[in-house]
file work19.txt (compact mmCIF, C-alpha atoms)
# COMPACT_ATOMS: atom_id res chain seq x y z
CA LEU A 943 0.00 0.00 0.00
CA CYS A 944 1.27 3.42 -0.91
CA VAL A 945 0.20 6.23 1.38
CA ARG A 946 1.63 9.71 1.36
CA LYS A 947 1.46 11.36 4.77
CA GLN A 948 1.61 15.07 5.31
CA GLY A 949 4.10 16.22 7.90
CA ALA A 950 3.21 19.91 7.76
CA PRO A 951 -0.59 20.23 7.44
CA THR A 952 -1.85 22.63 4.80
CA GLY A 953 -5.28 23.76 3.68
CA SER A 954 -4.78 22.74 0.06
CA GLY A 955 -2.61 20.43 -1.95
CA GLN A 956 -2.41 18.29 -5.07
CA GLY A 957 -1.88 14.56 -5.21
CA GLU A 958 0.91 12.66 -6.87
CA ALA A 959 -0.71 9.42 -7.99
CA ALA A 960 1.67 6.49 -7.70
CA PRO A 961 0.16 3.09 -8.57
CA ALA A 962 -0.04 0.61 -5.75
CA ALA A 963 1.30 -2.88 -6.36
CA PRO A 964 -1.45 -5.51 -6.69
CA VAL A 965 -1.43 -7.74 -3.62
CA GLU A 966 -3.92 -9.95 -1.84
CA ALA A 967 -5.10 -9.21 1.68
CA PRO A 968 -2.37 -10.02 4.24
CA SER A 969 -2.87 -12.23 7.26
CA ALA A 970 -3.64 -10.23 10.38
CA GLU A 971 -1.58 -10.78 13.52
CA PRO A 972 -3.59 -12.18 16.42
CA GLY A 973 -5.17 -9.36 18.40
CA ARG A 974 -4.08 -6.69 15.93
CA TRP A 975 -5.62 -5.12 12.86
CA ARG A 976 -3.69 -4.05 9.81
CA PRO A 977 -4.72 -2.08 6.74
CA TRP A 978 -5.48 -4.41 3.88
CA ARG A 979 -6.16 -4.47 0.17
CA PHE A 980 -8.02 -7.08 -1.83
CA ARG A 981 -7.49 -7.32 -5.57
CA MET A 982 -10.30 -8.53 -7.84
CA SER A 983 -9.79 -10.43 -11.07
CA ASN A 984 -12.31 -8.08 -12.75
CA ASP A 985 -13.27 -4.42 -12.57
CA VAL A 986 -14.85 -3.19 -9.36
CA TRP A 987 -17.46 -0.46 -9.32
CA GLY A 988 -19.63 1.57 -7.00
CA THR A 989 -19.51 2.11 -3.25
CA PRO A 990 -18.68 -0.74 -0.87
CA VAL A 991 -21.39 -1.83 1.57
CA VAL A 992 -20.35 -2.65 5.14
CA SER A 993 -22.78 -4.72 7.19
CA GLY A 994 -21.65 -6.32 10.44
CA GLU A 995 -18.39 -8.20 9.96
CA LEU A 996 -18.52 -8.26 6.16
CA LEU A 997 -17.92 -5.83 3.31
CA TYR A 998 -19.81 -6.37 0.06
CA VAL A 999 -18.59 -5.04 -3.26
CA THR A 1000 -19.83 -5.50 -6.82
CA SER A 1001 -17.55 -6.60 -9.60
CA PHE A 1002 -18.63 -9.10 -12.21
CA GLU A 1003 -19.64 -10.97 -9.08
CA VAL A 1004 -20.62 -9.93 -5.56
CA HIS A 1005 -17.68 -10.41 -3.22
CA ALA A 1006 -18.04 -10.65 0.57
CA LEU A 1007 -14.83 -9.73 2.40
CA ASP A 1008 -14.04 -10.04 6.09
CA VAL A 1009 -13.65 -6.49 7.43
CA ALA A 1010 -10.96 -7.58 9.90
CA SER A 1011 -8.59 -9.35 7.54
CA GLY A 1012 -9.75 -8.55 4.01
CA ARG A 1013 -10.03 -12.24 3.23
CA ARG A 1014 -12.84 -13.22 0.89
CA LYS A 1015 -15.56 -15.23 2.58
CA PHE A 1016 -17.48 -15.94 -0.62
CA LYS A 1017 -18.30 -14.64 -4.06
CA THR A 1018 -21.36 -15.14 -6.23
CA ARG A 1019 -21.54 -16.65 -9.70
CA ASP A 1020 -23.68 -13.79 -11.02
CA VAL A 1021 -23.07 -10.24 -12.11
CA ALA A 1022 -24.70 -7.65 -9.84
CA TRP A 1023 -25.47 -4.50 -11.81
CA ALA A 1024 -27.70 -3.47 -8.91
CA MET A 1025 -27.39 -4.56 -5.27
CA ALA A 1026 -28.88 -3.85 -1.84
CA VAL A 1027 -27.96 -5.52 1.45
CA ALA A 1028 -30.67 -5.64 4.12
CA ASP A 1029 -32.13 -7.96 6.77
CA GLY A 1030 -29.42 -10.58 6.38
CA ARG A 1031 -29.84 -10.85 2.60
CA ILE A 1032 -28.06 -9.66 -0.52
CA HIS A 1033 -30.68 -8.58 -3.09
CA ALA A 1034 -29.21 -8.18 -6.54
CA SER A 1035 -29.87 -8.31 -10.26
CA ASP A 1036 -27.79 -9.15 -13.31
CA GLY A 1037 -30.35 -7.36 -15.50
CA PRO A 1038 -32.92 -9.99 -16.56
CA THR A 1039 -32.70 -11.98 -13.31
CA LEU A 1040 -33.44 -10.95 -9.72
CA TYR A 1041 -32.03 -13.01 -6.87
CA ALA A 1042 -31.52 -13.01 -3.11
CA LEU A 1043 -28.63 -14.60 -1.24
CA ASP A 1044 -27.85 -15.23 2.40
CA ALA A 1045 -25.61 -12.32 3.39
CA ASP A 1046 -23.49 -14.50 5.70
CA ASP A 1047 -22.61 -17.44 3.47
CA GLY A 1048 -23.84 -16.52 -0.04
CA SER A 1049 -26.30 -19.40 -0.30
CA GLU A 1050 -29.25 -18.73 -2.59
CA ARG A 1051 -32.58 -17.79 -0.99
CA TRP A 1052 -34.59 -17.28 -4.17
CA ARG A 1053 -34.21 -16.45 -7.87
CA LEU A 1054 -36.64 -15.36 -10.57
CA ASN A 1055 -36.92 -13.85 -14.00
CA SER A 1056 -37.54 -10.11 -13.67
CA GLU A 1057 -39.41 -9.88 -17.02
CA GLY A 1058 -37.45 -6.77 -17.91
CA TRP A 1059 -33.96 -5.35 -17.51
CA VAL A 1060 -33.48 -4.19 -13.91
CA TYR A 1061 -31.43 -0.98 -13.70
CA ALA A 1062 -32.02 -0.13 -10.04
CA LEU A 1063 -33.26 -1.74 -6.84
CA THR A 1064 -33.77 -0.86 -3.20
CA ALA A 1065 -34.61 -2.93 -0.13
CA ASP A 1066 -36.33 -1.60 2.99
CA ARG A 1067 -38.64 -3.03 5.65
CA GLY A 1068 -38.94 -6.38 3.93
CA THR A 1069 -39.78 -5.00 0.48
CA VAL A 1070 -37.58 -5.00 -2.62
CA VAL A 1071 -38.47 -2.38 -5.24
CA THR A 1072 -37.00 -2.78 -8.71
CA SER A 1073 -37.02 -0.49 -11.73
CA THR A 1074 -37.01 -2.03 -15.21
CA ARG A 1075 -36.33 -0.39 -18.54
CA GLY A 1076 -39.39 0.85 -20.33
CA GLY A 1077 -41.08 2.43 -17.31
CA GLY A 1078 -41.74 -0.57 -15.09
CA VAL A 1079 -41.66 -0.61 -11.29
CA GLN A 1080 -42.14 -3.78 -9.24
CA ALA A 1081 -42.37 -4.47 -5.50
CA ARG A 1082 -41.60 -7.91 -4.09
CA ASP A 1083 -41.47 -9.53 -0.70
CA ALA A 1084 -37.78 -9.51 0.18
CA ALA A 1085 -37.88 -12.86 1.96
CA THR A 1086 -39.63 -14.85 -0.77
CA GLY A 1087 -39.48 -12.83 -4.00
CA GLU A 1088 -43.28 -12.91 -4.24
CA LEU A 1089 -44.63 -10.10 -6.44
CA LEU A 1090 -46.64 -7.63 -4.36
CA TRP A 1091 -47.52 -5.11 -7.08
CA GLU A 1092 -46.23 -3.55 -10.26
CA LEU A 1093 -46.91 -0.54 -12.44
CA THR A 1094 -46.04 0.79 -15.86
CA GLY A 1095 -45.72 4.36 -17.05
CA ALA A 1096 -42.82 5.46 -14.84
CA GLN A 1097 -40.45 7.98 -16.37
CA THR A 1098 -38.11 6.60 -19.05
CA ASP A 1099 -35.94 9.64 -19.78
CA PHE A 1100 -33.42 8.81 -17.04
CA GLU A 1101 -33.11 5.08 -16.54
CA ASN A 1102 -30.39 5.11 -13.92
CA PRO A 1103 -30.27 4.65 -10.12
CA ASP A 1104 -30.26 8.42 -9.50
CA ALA A 1105 -33.72 8.84 -11.03
CA ALA A 1106 -35.19 5.53 -9.83
CA PRO A 1107 -38.02 5.33 -7.28
CA VAL A 1108 -37.10 6.14 -3.68
CA GLN A 1109 -38.24 3.77 -0.94
CA GLN A 1110 -38.37 4.85 2.69
CA ASP A 1111 -40.43 4.12 5.79
CA GLY A 1112 -43.06 2.05 4.00
CA THR A 1113 -43.58 4.46 1.09
CA VAL A 1114 -42.32 4.30 -2.49
CA TYR A 1115 -41.99 7.60 -4.38
CA VAL A 1116 -42.30 7.19 -8.15
CA TRP A 1117 -41.99 9.80 -10.91
CA ALA A 1118 -44.65 8.69 -13.39
CA GLU A 1119 -46.97 10.41 -15.88
CA ALA A 1120 -45.48 13.83 -15.03
CA ARG A 1121 -46.43 13.41 -11.38
CA LEU A 1122 -44.64 12.42 -8.20
CA LYS A 1123 -46.62 9.58 -6.67
CA ALA A 1124 -46.41 8.29 -3.10
CA LEU A 1125 -47.38 4.61 -2.99
CA ASP A 1126 -47.77 2.15 -0.14
CA ALA A 1127 -44.70 -0.09 -0.33
CA ARG A 1128 -46.61 -3.31 0.39
CA THR A 1129 -49.83 -2.77 -1.56
CA GLY A 1130 -48.96 -0.17 -4.21
CA ALA A 1131 -52.00 1.89 -3.20
CA GLU A 1132 -51.58 5.56 -4.08
CA ARG A 1133 -51.46 7.80 -1.03
CA TRP A 1134 -51.10 11.04 -2.96
CA SER A 1135 -49.61 12.51 -6.12
CA TYR A 1136 -48.30 15.93 -7.12
CA PRO A 1137 -47.83 17.34 -10.66
CA VAL A 1138 -44.06 17.95 -10.85
CA GLY A 1139 -44.07 17.86 -14.67
CA ASP A 1140 -42.26 15.79 -17.27
CA ALA A 1141 -38.57 15.86 -18.16
CA ALA A 1142 -38.98 18.83 -20.54
CA SER A 1143 -40.75 20.97 -17.94
CA CYS A 1144 -38.05 20.02 -15.42
CA GLY A 1145 -35.32 21.44 -17.62
CA GLY A 1146 -34.14 18.12 -19.00
CA VAL A 1147 -32.85 16.88 -15.64
CA PRO A 1148 -34.32 14.18 -13.40
CA VAL A 1149 -36.54 14.86 -10.40
CA ARG A 1150 -34.62 14.16 -7.19
CA LEU A 1151 -36.10 13.95 -3.71
CA LEU A 1152 -35.41 13.40 -0.02
CA PRO A 1153 -37.99 12.10 2.48
CA ALA A 1154 -36.82 13.84 5.66
CA PRO A 1155 -37.42 12.96 9.33
CA ASP A 1156 -39.48 16.14 9.83
CA GLY A 1157 -42.41 14.63 7.91
CA VAL A 1158 -41.65 16.49 4.68
CA VAL A 1159 -40.59 15.22 1.26
CA TYR A 1160 -38.20 17.75 -0.26
CA VAL A 1161 -38.24 17.63 -4.05
CA VAL A 1162 -36.07 19.30 -6.68
CA ALA A 1163 -37.58 19.46 -10.17
CA GLY A 1164 -35.33 21.42 -12.48
CA THR A 1165 -34.93 24.86 -10.87
CA ARG A 1166 -37.78 24.31 -8.39
CA VAL A 1167 -37.56 23.17 -4.80
CA LEU A 1168 -40.80 21.89 -3.26
CA ALA A 1169 -41.62 20.92 0.30
CA LEU A 1170 -44.48 18.39 0.27
CA ASP A 1171 -46.23 17.02 3.33
CA ALA A 1172 -45.21 13.34 3.49
CA ALA A 1173 -48.62 12.20 4.70
CA ARG A 1174 -50.90 14.18 2.35
CA GLY A 1175 -48.76 15.59 -0.46
CA ASP A 1176 -49.77 19.19 0.28
CA VAL A 1177 -47.27 21.90 -0.70
CA ARG A 1178 -45.80 23.61 2.33
CA TRP A 1179 -43.57 25.98 0.37
CA HIS A 1180 -41.93 26.51 -3.00
CA PHE A 1181 -38.54 27.97 -3.95
CA GLU A 1182 -37.28 28.93 -7.40
CA ALA A 1183 -33.56 29.03 -8.23
CA PRO A 1184 -31.91 30.49 -11.35
CA ALA A 1185 -30.18 27.20 -12.31
CA ALA A 1186 -31.20 23.53 -12.28
CA PHE A 1187 -30.33 21.05 -9.57
CA LEU A 1188 -28.79 17.68 -10.47
CA SER A 1189 -28.60 16.29 -6.95
CA PRO A 1190 -31.17 15.78 -4.19
CA PRO A 1191 -31.29 18.08 -1.17
CA ALA A 1192 -29.65 17.38 2.18
CA PHE A 1193 -31.51 17.94 5.45
CA ALA A 1194 -30.09 18.81 8.86
CA PRO A 1195 -32.43 18.72 11.90
CA GLY A 1196 -32.71 21.52 14.40
CA PRO A 1197 -33.14 25.30 14.22
CA ALA A 1198 -31.32 27.45 11.69
CA VAL A 1199 -29.19 29.05 14.41
CA THR A 1200 -27.51 25.68 15.00
CA GLY A 1201 -27.19 24.73 11.33
CA GLY A 1202 -30.54 23.05 10.76
CA GLY A 1203 -32.23 23.43 7.40
CA LEU A 1204 -32.21 22.29 3.79
CA TYR A 1205 -29.01 22.48 1.74
CA LEU A 1206 -28.64 22.14 -2.04
CA ALA A 1207 -26.15 22.79 -4.82
CA ASP A 1208 -27.09 23.54 -8.44
CA TYR A 1209 -25.08 22.54 -11.50
CA LEU A 1210 -23.25 25.89 -11.51
CA GLY A 1211 -21.96 25.10 -8.04
CA THR A 1212 -24.07 27.61 -6.13
CA VAL A 1213 -24.89 26.28 -2.67
CA TYR A 1214 -28.20 27.27 -1.05
CA ALA A 1215 -29.30 27.11 2.56
CA LEU A 1216 -33.09 27.19 2.87
CA ASP A 1217 -35.18 27.43 6.01
CA ALA A 1218 -36.94 24.07 6.31
CA ALA A 1219 -40.07 25.66 7.80
CA ASP A 1220 -40.86 28.23 5.11
CA GLY A 1221 -38.29 27.85 2.29
CA ARG A 1222 -36.70 31.22 3.03
CA ASP A 1223 -33.34 31.67 1.31
CA ARG A 1224 -30.97 32.02 4.29
CA TRP A 1225 -27.78 32.26 2.28
CA ARG A 1226 -26.22 31.22 -1.00
CA ILE A 1227 -22.60 31.06 -2.11
CA ALA A 1228 -20.87 30.20 -5.38
CA THR A 1229 -18.24 27.47 -5.67
CA GLU A 1230 -17.50 26.15 -9.17
CA ALA A 1231 -19.33 24.21 -11.88
CA ARG A 1232 -20.60 20.92 -10.48
CA GLN A 1233 -21.76 17.93 -12.51
CA SER A 1234 -22.01 15.61 -9.50
CA SER A 1235 -25.37 13.98 -8.77
CA GLU A 1236 -24.38 13.53 -5.12
CA PRO A 1237 -26.04 15.72 -2.46
CA VAL A 1238 -23.97 18.03 -0.32
CA LEU A 1239 -23.02 16.59 3.07
CA VAL A 1240 -24.07 18.40 6.24
CA ALA A 1241 -22.31 17.32 9.44
CA HIS A 1242 -21.46 19.02 12.74
CA GLY A 1243 -22.43 22.49 11.59
CA ALA A 1244 -20.57 22.33 8.28
CA VAL A 1245 -21.56 21.79 4.65
CA HIS A 1246 -19.10 19.72 2.59
CA LEU A 1247 -19.28 19.30 -1.18
CA GLY A 1248 -17.11 18.41 -4.11
CA SER A 1249 -17.22 20.94 -6.95
CA GLY A 1250 -14.87 20.41 -9.85
CA LYS A 1251 -11.44 19.45 -8.52
CA ALA A 1252 -11.98 20.93 -5.06
CA LEU A 1253 -13.65 19.99 -1.81
CA TYR A 1254 -15.38 22.96 -0.19
CA THR A 1255 -16.44 23.28 3.44
CA LEU A 1256 -18.86 26.05 4.44
CA ASP A 1257 -20.31 27.12 7.76
CA ALA A 1258 -23.87 25.78 7.82
CA VAL A 1259 -25.25 28.75 9.77
CA THR A 1260 -23.69 31.63 7.84
CA GLY A 1261 -22.40 30.12 4.59
CA THR A 1262 -18.94 31.51 5.33
CA PRO A 1263 -16.25 29.41 3.61
CA ARG A 1264 -14.13 27.56 6.16
CA TRP A 1265 -11.64 25.97 3.78
CA ARG A 1266 -11.11 24.67 0.27
CA PHE A 1267 -8.90 21.72 -0.67
CA GLN A 1268 -7.65 21.27 -4.22
CA ALA A 1269 -7.28 17.70 -5.51
CA GLY A 1270 -5.46 16.70 -8.67
CA ALA A 1271 -8.65 15.97 -10.65
CA GLU A 1272 -12.45 15.89 -10.31
CA VAL A 1273 -13.86 14.91 -6.94
CA VAL A 1274 -15.64 11.54 -7.25
CA GLY A 1275 -18.72 10.51 -5.29
CA SER A 1276 -19.61 12.04 -1.96
CA PRO A 1277 -17.31 12.85 0.96
CA VAL A 1278 -17.85 11.10 4.28
CA VAL A 1279 -17.23 12.65 7.70
CA ALA A 1280 -16.35 10.60 10.78
CA GLU A 1281 -14.41 11.27 13.97
CA GLY A 1282 -13.33 14.76 12.91
CA ARG A 1283 -12.03 13.67 9.51
CA VAL A 1284 -13.29 14.06 5.93
CA HIS A 1285 -12.58 11.26 3.45
CA PHE A 1286 -13.14 11.63 -0.30
CA GLY A 1287 -11.96 10.18 -3.58
CA SER A 1288 -10.79 11.80 -6.79
CA ALA A 1289 -10.29 10.96 -10.44
CA ASP A 1290 -6.57 11.60 -9.82
CA HIS A 1291 -6.49 8.03 -8.37
CA CYS A 1292 -6.16 9.26 -4.78
CA LEU A 1293 -8.17 8.80 -1.60
CA TYR A 1294 -7.80 11.87 0.64
CA THR A 1295 -8.27 12.27 4.38
CA LEU A 1296 -8.48 15.83 5.74
CA ASP A 1297 -9.04 17.43 9.10
CA ALA A 1298 -12.73 18.36 9.12
CA MET A 1299 -12.24 21.67 10.93
CA GLY A 1300 -9.24 23.14 9.14
CA GLY A 1301 -8.96 21.15 5.91
CA GLN A 1302 -5.38 20.06 6.57
CA LEU A 1303 -4.27 16.98 4.67
CA ARG A 1304 -3.75 14.11 7.11
CA TRP A 1305 -2.87 11.43 4.59
CA LYS A 1306 -3.68 10.30 1.08
CA LEU A 1307 -3.61 6.97 -0.68
CA ALA A 1308 -2.38 6.81 -4.27
CA THR A 1309 -4.02 3.89 -6.08
CA GLY A 1310 -3.61 2.60 -9.59
CA GLY A 1311 -6.95 3.93 -10.83
CA GLU A 1312 -9.78 6.37 -10.29
CA ILE A 1313 -11.65 5.98 -7.00
CA THR A 1314 -15.15 4.64 -7.66
CA GLY A 1315 -18.31 5.54 -5.76
CA SER A 1316 -17.83 7.02 -2.29
CA PRO A 1317 -15.65 5.93 0.61
CA VAL A 1318 -17.24 4.37 3.69
CA ALA A 1319 -16.00 5.07 7.23
CA VAL A 1320 -16.97 2.59 9.97
CA GLY A 1321 -15.34 1.94 13.33
CA GLY A 1322 -12.14 3.85 12.68
CA VAL A 1323 -11.59 2.26 9.26
CA VAL A 1324 -12.17 3.84 5.85
CA TYR A 1325 -13.03 1.57 2.93
CA ALA A 1326 -12.80 2.53 -0.74
CA CYS A 1327 -12.81 0.95 -4.20
CA SER A 1328 -10.57 1.86 -7.12
CA LYS A 1329 -10.54 1.19 -10.83
CA ASP A 1330 -7.24 -0.60 -10.24
CA ARG A 1331 -9.57 -3.52 -9.29
CA CYS A 1332 -8.75 -3.19 -5.59
CA VAL A 1333 -10.76 -2.70 -2.41
CA TYR A 1334 -8.86 -0.86 0.32
CA ALA A 1335 -9.32 -0.80 4.10
CA LEU A 1336 -7.20 1.81 5.87
CA ASP A 1337 -6.80 3.14 9.37
CA ALA A 1338 -8.93 6.29 9.18
CA ALA A 1339 -6.53 8.29 11.34
CA LYS A 1340 -3.19 7.05 10.03
CA GLY A 1341 -3.76 5.57 6.62
CA THR A 1342 -1.30 2.68 6.48
CA GLY A 1343 0.53 3.88 9.57
CA LEU A 1344 1.18 1.78 12.62
CA ALA A 1345 -1.25 -1.05 13.25
CA ARG A 1346 -3.97 -0.15 15.68
CA ARG A 1347 -5.72 -2.15 18.35
CA PRO A 1348 -9.21 -3.33 17.33

call {"tool": "encode", "arguments": {"input": "work19.txt", "output": "C-alpha cells"}}
result
Amino acid sequence: LCVRKQGAPTGSGQGEAAPAAPVEAPSAEPGRWRPWRFRMSNDVWGTPVVSGELLYVTSFEVHALDVASGRRKFKTRDVAWAMAVADGRIHASDGPTLYALDADDGSERWRLNSEGWVYALTADRGTVVTSTRGGGVQARDAATGELLWELTGAQTDFENPDAAPVQQDGTVYVWAEARLKALDARTGAERWSYPVGDAASCGGVPVRLLPAPDGVVYVVAGTRVLALDAARGDVRWHFEAPAAFLSPPAFAPGPAVTGGGLYLADYLGTVYALDAADGRDRWRIATEARQSSEPVLVAHGAVHLGSGKALYTLDAVTGTPRWRFQAGAEVVGSPVVAEGRVHFGSADHCLYTLDAMGGQLRWKLATGGEITGSPVAVGGVVYACSKDRCVYALDAAKGTGLARRP
C-alpha cells in the first residue's frame, strides 16, 4: 500500500498518484488489525457496503470480504449490476434476473426472471423495489421474492439509479406520468400525487427527492424546490432558483441558528441554505461548476461538497467558507465525515483524508486507478474501491501507519 502522509498540514494540496502494487489481503496478527487491500480479477465499481463483519462489493460478481482481515468469505456466480444488502440478505440483479442470497454465506434464498432489464433496486422493511427499462416498477417480498404489485408508465428519460423510485419508511416515491406519486410499499396503493411535470418541464434533468425525518418530502424538479407534506402531499412551500439542480437536497435537523435546514447545490456550483419551515433563502454562495449527482453533506455544523477538482467546506449557519482543498482531478462521489475527519476520492487516483475543521491533509492513498463511488468510514476504518480492481481498508486516522488495536 502506498500512502503519502503530510508532515506539515496545509489547507490545500495536489496529489501525486503512484500506482499501488497488486497484492492480496495479508494475514492479520492475532489481536491486531492491519490495513489491507483485496485485488479482484475483474473491474470493481460503486460504493462498498459494510454490514456487520462483512464488506460487500460489486464486480462481475458480488464479493463478501471479512472487514478484519480482508479475506474473501465468498463470491457469487452472477453479475450484480444493482445490489442492496438488508435484513441478512443480498438482493441483486444481473439485469434480466433478480435473486436473493444469504448475506453471511452466499447461499441462494430465491431467484426469478424479472421480465425486464433491472437498472435499479432498493430494499427496505422487507420489500424489494425494482425499476425495469421501459417504465416498469415492481415491489416484491424480500424474503420470498413474491410479487406484491407492479406498475407501468414510470419515467423513461433517465433510466439510472439516481432517477429511480425512492423507498423509505413504507412508502415508495415514483416519478410517473409527469407526477410524483407516493405509494404504499406493500400494496402499491396511491397515497397522494403531485404534478411535478415531465422531463422537458423540469429542464431536461431528473426529479430528485429526499424524504426527511421532519415529515416532509423535499423535491427538486429542475430549478424548483418543493416541500411536500409526506402524509398528504400538500405543498408547504416553493422555492425557485436560477439554475437547475442535479442532486437531491440534504436535510439537517434543528433550528437554523444551529445549522438546521435544507441544503442544495445547483449545477453551476451555487450552494443554497433554505429554512426548512418556510423555504426562506438564508444564504447562497458560489463554488464552481458541479456535474455531480451527489447531495452536499451536512455534518457538525458544516456543509461539505465536491465541486470540480476541489472539496469545499462552508459554515452551515452563515455560509462563510471555512476551507477549500484542491485535488489533482475531479472529486468523485460524496465525501464522508467521521471522527473529525473528511474522506473523499478523486479521479486523480487518490483517496484523501483531511481534518474536518481546518482542511489540513492528514494522509492520502495513491491507487492505480480512479476511486469509484464514495468511501465508507466505519469503526475507525475507511473503505474505498478503485478502478485498479482493488478494495482498500485503511486506518482512518493514520492511513497505512502503525497497526492499531481493534

call {"tool": "atom_distance", "arguments": {"input": "work19.txt", "atom1": "atom CA of A:Leu1336", "atom2": "atom CA of A:Val1323"}}
result
5.6 Å

call {"tool": "atom_distance", "arguments": {"input": "work19.txt", "atom1": "atom CA of A:Leu1216", "atom2": "atom CA of A:Leu1256"}}
result
14.4 Å

call {"tool": "residues_near_point", "arguments": {"input": "work19.txt", "point": "(-21.1, 14.3, 3.5)", "cutoff": "10 Å", "atoms": "all atoms listed in the file", "output": "list in words"}}
result
Ala1192, Glu1236, Pro1237, Val1238, Leu1239, Val1240, Ala1241, Ala1244, Val1245, His1246, Leu1247, Gly1248, Gly1275, Ser1276, Pro1277, Val1278, Val1279, Ala1280, Val1284, His1285, Phe1286 and Ser1316 of chain A

call {"tool": "closest_residue", "arguments": {"input": "work19.txt", "among": "A:Val1159, A:Ala1271, A:Leu1089, A:Ala1218", "to": "A:Gly1202", "atoms": "only C-alpha atoms"}}
result
A:Ala1218

call {"tool": "closest_residue", "arguments": {"input": "work19.txt", "among": "A:Ala1124, A:Val1158, A:Ala1289, A:Leu1093", "to": "A:Thr1074", "atoms": "all atoms listed in the file"}}
result
A:Leu1093

call {"tool": "atom_distance", "arguments": {"input": "work19.txt", "atom1": "atom CA of A:Trp1052", "atom2": "atom CA of A:Ser1035"}}
result
11.8 Å

call {"tool": "residues_around", "arguments": {"input": "work19.txt", "residues": "A:Val1213", "least_positions_apart": "6", "cutoff": "8 Å", "atoms": "all atoms listed in the file", "output": "ChimeraX atom specification"}}
result
/A:1205-1207,1226-1229

call {"tool": "closest_residue", "arguments": {"input": "work19.txt", "among": "A:Pro1155, A:Leu1007, A:Gly1087, A:Ala1118", "to": "A:Val992", "atoms": "only C-alpha atoms"}}
result
A:Leu1007

call {"tool": "axis_aligned_box", "arguments": {"input": "work19.txt", "around": "stretch 1008-1020 of chain A", "padding_each_side": "6 Å", "output": "JSON"}}
result
{"center_x": -16.1, "center_y": -11.6, "center_z": -0.6, "size_x": 27.1, "size_y": 22.2, "size_z": 32.9}

call {"tool": "residues_around", "arguments": {"input": "work19.txt", "residues": "A:Arg1053", "least_positions_apart": "5", "cutoff": "12 Å", "atoms": "only C-alpha atoms", "output": "JSON, numbers by chain"}}
result
{"A": [1020, 1032, 1033, 1034, 1035, 1036, 1038, 1039, 1040, 1041, 1042, 1043, 1082, 1084, 1085, 1086, 1087, 1088]}

call {"tool": "residues_around", "arguments": {"input": "work19.txt", "residues": "A:Arg1232", "least_positions_apart": "2", "cutoff": "8 Å", "atoms": "all atoms listed in the file", "output": "list in words"}}
result
Asp1208, Tyr1209, Leu1210, Gly1211, Glu1230, Ser1234, Gly1248, Ser1249 and Gly1250 of chain A

call {"tool": "residues_near_point", "arguments": {"input": "work19.txt", "point": "(-50.3, 16.6, -8.8)", "cutoff": "8 Å", "atoms": "only C-alpha atoms", "output": "list in words"}}
result
Arg1121, Leu1122, Ser1135, Tyr1136, Pro1137 and Val1138 of chain A

call {"tool": "closest_residue", "arguments": {"input": "work19.txt", "among": "A:Ala1062, A:Ala1198, A:Gly1301, A:Thr1295", "to": "A:Thr1260", "atoms": "only C-alpha atoms"}}
result
A:Ala1198

call {"tool": "residues_around", "arguments": {"input": "work19.txt", "residues": "A:Val999", "least_positions_apart": "2", "cutoff": "6 Å", "atoms": "all atoms listed in the file", "output": "PyMOL selection string"}}
result
chain A and resi 990+1004-1005

call {"tool": "residues_around", "arguments": {"input": "work19.txt", "residues": "A:His1291", "least_positions_apart": "6", "cutoff": "7 Å", "atoms": "only C-alpha atoms", "output": "ChimeraX atom specification"}}
result
/A:959,1308-1313

call {"tool": "closest_residue", "arguments": {"input": "work19.txt", "among": "A:Glu1092, A:Asp1176, A:Asp1008, A:Asp1257", "to": "A:Gly1243", "atoms": "all atoms listed in the file"}}
result
A:Asp1257

call {"tool": "closest_residue", "arguments": {"input": "work19.txt", "among": "A:Cys1327, A:Val1177, A:Met1299, A:Val1147", "to": "A:Tyr998", "atoms": "all atoms listed in the file"}}
result
A:Cys1327

call {"tool": "build_atoms", "arguments": {"input": "work19.txt", "residues": "stretch 1086-1093 of chain A", "atoms": "N, CA, C and O atoms", "output": "PDB file, keeping the file's coordinate frame"}}
result
ATOM      1  N   THR A1086     -39.193 -13.775   0.125  1.00  0.00           N
ATOM      2  CA  THR A1086     -39.630 -14.850  -0.770  1.00  0.00           C
ATOM      3  C   THR A1086     -39.532 -14.525  -2.252  1.00  0.00           C
ATOM      4  O   THR A1086     -39.552 -15.427  -3.083  1.00  0.00           O
ATOM      5  N   GLY A1087     -39.457 -13.235  -2.594  1.00  0.00           N
ATOM      6  CA  GLY A1087     -39.480 -12.830  -4.000  1.00  0.00           C
ATOM      7  C   GLY A1087     -40.879 -12.715  -4.568  1.00  0.00           C
ATOM      8  O   GLY A1087     -41.050 -12.366  -5.747  1.00  0.00           O
ATOM      9  N   GLU A1088     -41.893 -12.975  -3.763  1.00  0.00           N
ATOM     10  CA  GLU A1088     -43.280 -12.910  -4.240  1.00  0.00           C
ATOM     11  C   GLU A1088     -43.618 -11.491  -4.716  1.00  0.00           C
ATOM     12  O   GLU A1088     -43.327 -10.505  -4.031  1.00  0.00           O
ATOM     13  N   LEU A1089     -44.237 -11.395  -5.896  1.00  0.00           N
ATOM     14  CA  LEU A1089     -44.630 -10.100  -6.440  1.00  0.00           C
ATOM     15  C   LEU A1089     -45.787  -9.522  -5.628  1.00  0.00           C
ATOM     16  O   LEU A1089     -46.830 -10.163  -5.452  1.00  0.00           O
ATOM     17  N   LEU A1090     -45.603  -8.301  -5.130  1.00  0.00           N
ATOM     18  CA  LEU A1090     -46.640  -7.630  -4.360  1.00  0.00           C
ATOM     19  C   LEU A1090     -47.481  -6.725  -5.251  1.00  0.00           C
ATOM     20  O   LEU A1090     -48.700  -6.694  -5.145  1.00  0.00           O
ATOM     21  N   TRP A1091     -46.828  -5.961  -6.126  1.00  0.00           N
ATOM     22  CA  TRP A1091     -47.520  -5.110  -7.080  1.00  0.00           C
ATOM     23  C   TRP A1091     -46.536  -4.647  -8.135  1.00  0.00           C
ATOM     24  O   TRP A1091     -45.325  -4.772  -7.958  1.00  0.00           O
ATOM     25  N   GLU A1092     -47.081  -4.135  -9.225  1.00  0.00           N
ATOM     26  CA  GLU A1092     -46.230  -3.550 -10.260  1.00  0.00           C
ATOM     27  C   GLU A1092     -47.005  -2.479 -10.994  1.00  0.00           C
ATOM     28  O   GLU A1092     -48.238  -2.429 -10.942  1.00  0.00           O
ATOM     29  N   LEU A1093     -46.271  -1.585 -11.640  1.00  0.00           N
ATOM     30  CA  LEU A1093     -46.910  -0.540 -12.440  1.00  0.00           C
ATOM     31  C   LEU A1093     -46.078  -0.282 -13.680  1.00  0.00           C
ATOM     32  O   LEU A1093     -44.899  -0.632 -13.746  1.00  0.00           O
TER      33      LEU A1093
END
